[in-house]
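Participant: Can you read through this structure? Questions will come right after.
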Amino acid sequence: MAHQKRIPKVAIPKLDRGPPPPPKKPAQNREDRVTRACKTCRKRKVKCSGDVPRCANCQATGLNCVYEQARRDRLKE
Ligand SMILES: [Zn+2]
Ligand SMILES: [Zn+2]
């Protein structure tokens, strides 16, 4: 029989609850960086050149090039 150390179970007062908060990751401005894609490109899921007033795609297709403004634009009232 092997000698196994038996560690008595001691009730440890739970002073700290839960694991420590994870370290903050360096903010990646992914969301912040607004992808400038016109509506047409978004709809067609193509890469928008982001040219104004018309992106390359819209120029080529002759479609209306509309860039959406900030989201809060719609929140009126
Ligand atoms: Zn576009
Ligand atoms: Zn466009």
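Just so we're on the same page: first chain in the structure tokens is A, next is B, and so on; residues restart at 1 for each chain, and ligands are numbered from 1 in the order they show up.
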Neighbours of ligand 2 within 9 Å, counting only C-alpha atoms and all ligand atoms, as a ChimeraX atom specification?
Facilitator: /A:37-42,48-59,63-67
